[in-house]
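Peer 1: Below you'll find the structure I mean.
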Amino acid sequence: MRAAVFYGPNDLRYERVPTPAPSRGEVVVRVEAALTCGTDVKTLRRGHPVMIPHVPTVFGHELAGTVIAVGEGARGLREGDRVVAANSAPCGWCALCRAGRPNLCEDLLFVNGAYGEYIALPPRLVEKNVVRLMQGTPAARAAFAEPLACALLGVERARVEAGQTVAIFGHGPLGCLIALLATARKARVILLGKRGWRFERVRELGLAEIVDTLELPDIVDGVRVLTAGRGADVTVDATGRPEVWEQAIAAVGKGGTVLFFGGCAPGTAVRLDTRRAHYDELTLLGAFHHTPELIRKAVDLLESEMVVPDGLITHRMGLAEVRLALELMARGDALKVLIEP
Ligand SMILES: [Zn+2]
Ligand SMILES: [Zn+2]
């Protein structure tokens with residue numbers, strides 16, 4: 001089969017690799033839709049010790065498709081089932097899994113290989129994190145389950161409610177997915193980002209109020225002005241930049257919640273106004289990854305059309321063009337690229 005194979009930082013090759021056959025407990029899926037992700041861009045630039053421990057490996061991690069072969073002992077799936085697969089599966093018995101936080105599993109098994117014609121899903125993933133789709137669900141929409149589940153984890157941890165104002169710093173695909181979820185919960189959503197191609201695209205989609213931060217003399221003051229001086233109830237960093245984390249803390253109101261959604265580069269730190277953290281009772285939260293339960297909830301939201309993220313797909317390409325797709329992403333000239341093998 002053909003696939004885009006990751007050999008190491010800046011080394012992605014389009015080549016022919018053996019078509020997988022299912023081992024015991026595995027299923028093989030024909031990939032019908034794969035989506036590019038900001039994590040792919042980061043990983044291609046500097047590698048990823050957690051998500052990609054061994055190279056070479058077929059790249060990509062957001063996918064939906066059809067089961068074409070079922071290994072001996074694999075339960076719950078049949079040939080012909082249309083499915084979406086998460087990119088990880090927790091162990092189920094470490095201390096954090098047992099504490100109900102499987103996104104922090106000490107032995108999270110990561111799976112890559114969305115940018116290939118076929119992928120073999122390992123037994124633990126088949127058992128825990130492959131969801132069967134309803135008849136008419138488009139594969140491209142279903143492939144949003146993984147990033148949407150990440151966004152859902154953030155929105156649930158921040159307890160976003162109707163009537164709140166949520167200010168999201170960053171208008172990339174995840175900022176937009178968080179905006180869609182917060183809007184579905186009837187919150188008022190303000191997206192903050194810099195002008196450019198992607199900004200215009202998000203504005204056209206009309207998924208929230210969107211503010212060009214280059215037009216604001218001061219971003220934090222800007223959020224305060226938009227919230228009658230109080231600050232937002234919830235602020236979200238969806239950029240992974242420490243200076244933006246600080247803005248998110250400064251722009252939240254009394255009693256508010258700050259969600260650190262974007263992961264920053266290793267070794268970075270932020271300054272925290274201890275007086276505000278204490279006297280304003282700020283809730284400061286991290287949010288990482290997703291859980292099997294949230295993957296299922298994300299599929300439900302997509303299939304019930306409570307959340308319709310289709311507009312975030314700005315380009316469609318084939319497997320040979322994955323590198324080009326990721327270059328577009330890196331330049332901010334794409335939100336999500338749909339790869340159709
Ligand atoms: Zn992703
Ligand atoms: Zn675990």
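Identifiers for the structure tokens are assigned positionally: chains receive A, B, ... in sequence, residues are indexed from 1 per chain, and ligands are indexed from 1 in the order shown.
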Which residues are close to Glu246 (chain A), i.e. within 10 Å by only C-alpha atoms, leaving aside same-chain residues fewer than 3 positions away? Reply as number ranges by chain.
Peer 2: A: 220, 237, 241-243, 249-251, 258, 269-273
Peer 1: Store the residues of this selection in a file with C-alpha atoms, as a short mmCIF file (atom, residue, chain, number, x, y, z; two decimals), in the first residue's frame.
Peer 2:
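Result went into part_39.cif, see below:
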data_model
loop_
_atom_site.label_atom_id
_atom_site.label_comp_id
_atom_site.auth_asym_id
_atom_site.auth_seq_id
_atom_site.Cartn_x
_atom_site.Cartn_y
_atom_site.Cartn_z
CA VAL A 220 -6.33 41.91 27.98
CA ASP A 237 -5.29 29.29 25.77
CA ARG A 241 2.50 29.94 23.99
CA PRO A 242 3.50 30.99 27.53
CA GLU A 243 2.93 34.70 26.89
CA ILE A 249 -4.85 34.59 33.29
CA ALA A 250 -5.00 38.40 33.11
CA ALA A 251 -8.20 38.45 31.05
CA VAL A 258 -8.45 29.64 33.03
CA ALA A 269 7.30 29.06 32.65
CA VAL A 270 4.74 31.80 33.30
CA ARG A 271 4.34 34.52 35.94
CA LEU A 272 1.27 34.32 38.14
CA ASP A 273 -0.23 37.23 40.07
#
Peer 1: Taking only C-alpha atoms and all ligand atoms into account, which residues are within 7 Å of ligand 2, as a PyMOL selection string?
Peer 2: chain A and resi 90-97+102+105-108
Peer 1: Taking only C-alpha atoms and all ligand atoms into account, which residues are within 8 Å of ligand 1, as number ranges by chain?
Peer 2: A: 35-40, 61-62, 146-147
Peer 1: Compile the contact shell of Leu181 (chain A) as a PyMOL selection string: residues with an atom at most 10 Å away, counting only C-alpha atoms, same-chain residues fewer than 3 positions apart removed.
Peer 2: chain A and resi 148+151-152+154-156+160+176-178+184-187+189+301+306-308
Peer 1: Can you spit out the residues from that selection as an mmCIF file, in the first residue's frame, using C-alpha atoms?
Peer 2:
data_model
loop_
_atom_site.group_PDB
_atom_site.id
_atom_site.type_symbol
_atom_site.label_atom_id
_atom_site.label_comp_id
_atom_site.auth_asym_id
_atom_site.auth_seq_id
_atom_site.Cartn_x
_atom_site.Cartn_y
_atom_site.Cartn_z
ATOM 1 C CA LEU A 148 -13.310 17.004 19.383
ATOM 2 C CA ALA A 151 -11.789 19.901 23.160
ATOM 3 C CA LEU A 152 -14.606 18.259 25.115
ATOM 4 C CA GLY A 154 -11.243 21.005 28.190
ATOM 5 C CA VAL A 155 -14.813 22.301 28.081
ATOM 6 C CA GLU A 156 -15.950 19.773 30.693
ATOM 7 C CA VAL A 160 -18.592 25.883 30.608
ATOM 8 C CA CYS A 176 -12.575 26.567 16.805
ATOM 9 C CA LEU A 177 -13.719 23.172 18.145
ATOM 10 C CA ILE A 178 -13.768 24.562 21.693
ATOM 11 C CA ALA A 184 -23.529 24.419 21.825
ATOM 12 C CA ARG A 185 -23.668 24.946 25.603
ATOM 13 C CA LYS A 186 -25.138 28.401 24.977
ATOM 14 C CA ALA A 187 -22.155 30.365 26.208
ATOM 15 C CA VAL A 189 -17.827 32.909 22.758
ATOM 16 C CA LEU A 301 -22.214 15.019 19.185
ATOM 17 C CA MET A 306 -25.065 19.011 17.781
ATOM 18 C CA VAL A 307 -21.584 19.891 16.571
ATOM 19 C CA VAL A 308 -20.908 20.166 12.834
#
Peer 1: Identify all residues of region 62-110 of chain A in helix (DSSP H, G or I) (DSSP on the backbone) and supply them as a list in words.
Peer 2: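 Those residues are Ala95, Leu96, Cys97, Arg98, Pro102, Asn103 and Leu104 of chain A.
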Peer 1: Here is a test: counting only C-alpha atoms, which residue of A:Val17, A:Ala334, A:Val126, A:Ile210 is nearest to Val84 (chain A)?
Peer 2: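 Smallest separation from Val84 (chain A) among the options: A:Val126.
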Peer 1: Identify which of the residues A:Leu302, A:Ile190, A:Ala208, A:Val29 lies closest to Pro138 (chain A), counting only C-alpha atoms when measuring atom-to-atom distances.
Peer 2: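 Ranking A:Leu302, A:Ile190, A:Ala208, A:Val29 by distance to Pro138 (chain A), first place goes to A:Leu302.
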Peer 1: So what do you get for CA of Val211 (chain A) versus CA of Gly196 (chain A), distance-wise?
Peer 2: 12.0 Å
Peer 1: What does the distance between CA of Ala238 (chain A) and CA of Thr257 (chain A) come to in Å, to one decimal place?
Peer 2: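 CA of Thr257 (chain A) lies 14.3 Å from CA of Ala238 (chain A).
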Peer 1: Could you give me, as a compact mmCIF listing (two decimals) with N, CA and C atoms, in the first residue's frame, the residues within 9 Å of Ala4 (chain A), counting only C-alpha atoms and dropping anything in the same chain fewer than 3 positions from it?
Peer 2:
# COMPACT_ATOMS: atom_id res chain seq x y z
N LEU A 12 9.71 13.05 6.07
CA LEU A 12 8.44 12.36 5.81
C LEU A 12 8.51 11.87 4.38
N ARG A 13 8.30 10.57 4.17
CA ARG A 13 8.44 10.02 2.82
C ARG A 13 7.15 9.35 2.37
N TYR A 14 6.80 9.62 1.14
CA TYR A 14 5.65 8.95 0.53
C TYR A 14 6.17 7.71 -0.14
N GLU A 15 5.78 6.54 0.34
CA GLU A 15 6.37 5.32 -0.21
C GLU A 15 5.44 4.12 -0.12
N ARG A 16 5.91 3.02 -0.71
CA ARG A 16 5.14 1.79 -0.68
C ARG A 16 5.58 0.97 0.53
N THR A 57 7.46 5.08 11.09
CA THR A 57 6.07 4.69 11.29
C THR A 57 5.19 5.48 10.32
N VAL A 58 4.09 4.85 9.89
CA VAL A 58 3.14 5.60 9.07
C VAL A 58 2.60 6.73 9.95
N PHE A 59 2.53 7.93 9.37
CA PHE A 59 2.22 9.15 10.12
C PHE A 59 0.70 9.36 10.20
N GLY A 60 0.30 10.32 11.05
CA GLY A 60 -1.10 10.73 11.11
C GLY A 60 -1.88 9.99 12.18
N GLY A 113 -0.72 6.16 12.06
CA GLY A 113 -0.89 5.44 10.79
C GLY A 113 -2.11 5.83 10.00
N ALA A 114 -2.61 7.06 10.24
CA ALA A 114 -3.80 7.50 9.50
C ALA A 114 -3.48 7.81 8.04
N TYR A 115 -2.22 8.20 7.76
CA TYR A 115 -1.88 8.57 6.39
C TYR A 115 -1.38 7.37 5.59
N GLY A 116 -2.19 6.33 5.57
CA GLY A 116 -1.89 5.14 4.77
C GLY A 116 -3.21 4.63 4.22
N LEU A 319 -2.86 11.06 -0.52
CA LEU A 319 -1.75 10.65 0.35
C LEU A 319 -0.40 11.22 -0.08
N ALA A 320 -0.24 11.40 -1.38
CA ALA A 320 1.06 11.89 -1.87
C ALA A 320 1.32 13.33 -1.44
N GLU A 321 0.26 14.01 -1.00
CA GLU A 321 0.39 15.44 -0.72
C GLU A 321 0.40 15.78 0.77
N VAL A 322 0.63 14.79 1.61
CA VAL A 322 0.58 15.04 3.06
C VAL A 322 1.59 16.12 3.47
N ARG A 323 2.78 16.04 2.88
CA ARG A 323 3.80 17.03 3.25
C ARG A 323 3.32 18.44 2.91
Peer 1: Assign secondary structure with DSSP using the backbone only, and return the residues of region 244-316 of chain A in strand (DSSP E) as a ChimeraX atom specification.
Peer 2: /A:252-260,283-286,313-316
Peer 1: Got a sec: who's within 8 Å of Gly286 (chain A), counting only C-alpha atoms, leaving out chain neighbours fewer than 6 positions off, as a VMD selection string?
Peer 2: chain A and resid 154 259 to 261
Peer 1: Pick out the residues sitting within 9 Å of Arg75 (chain A), and hand them over as a compact mmCIF listing (two decimals) with N, CA and C atoms, in the first residue's frame; count only C-alpha atoms, and ignore anything fewer than 5 positions along from it in its own chain.
Peer 2:
# COMPACT_ATOMS: atom_id res chain seq x y z
N GLY A 25 -6.33 -10.40 17.78
CA GLY A 25 -6.95 -9.27 18.50
C GLY A 25 -7.00 -7.96 17.72
N VAL A 70 -10.65 -8.89 10.26
CA VAL A 70 -10.73 -9.00 11.71
C VAL A 70 -9.83 -10.15 12.15
N VAL A 126 -8.65 -1.76 19.87
CA VAL A 126 -9.90 -2.40 19.41
C VAL A 126 -10.85 -2.58 20.59
N GLU A 127 -10.30 -3.00 21.72
CA GLU A 127 -11.14 -3.23 22.91
C GLU A 127 -11.71 -1.94 23.47
Peer 1: Counting only C-alpha atoms, what is within 6 Å of Gly256 (chain A), bar same-chain residues fewer than 2 positions away, as an MDAnalysis selection string?
Peer 2: chainID A and resid 233:234 252:254 282
Peer 1: Any chance you can output those residues with C-alpha atoms as a CSV table (one decimal), in the first residue's frame?
Peer 2:
chain,number,residue,atom,x,y,z
A,233,ASP,CA,-15.9,33.8,33.0
A,234,VAL,CA,-13.6,31.3,31.3
A,252,VAL,CA,-10.3,36.2,33.3
A,253,GLY,CA,-12.7,37.8,35.7
A,254,LYS,CA,-13.2,37.4,39.5
A,282,LEU,CA,-9.1,31.8,40.1
Peer 1: Go ahead and compute the interatomic distance for CA of Leu294 (chain A) and CA of Leu104 (chain A), in Å to one decimal.
Peer 2: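 Result for CA of Leu294 (chain A) versus CA of Leu104 (chain A): 13.6 Å, one decimal.
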Peer 1: Which residue, A:Thr274, A:Thr165, A:Gln247, A:Thr66, has the smallest gap to Glu32 (chain A) when you use only C-alpha atoms?
Peer 2: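 Result for the nearest residue to Glu32 (chain A): A:Thr66.
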Peer 1: Using only C-alpha atoms, which of the listed residues (A:Asn112, A:Thr43, A:Thr19, A:Thr137) sits closest to Leu63 (chain A)?
Peer 2: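 When distances to Leu63 (chain A) are compared using only C-alpha atoms, the smallest one comes from A:Asn112.
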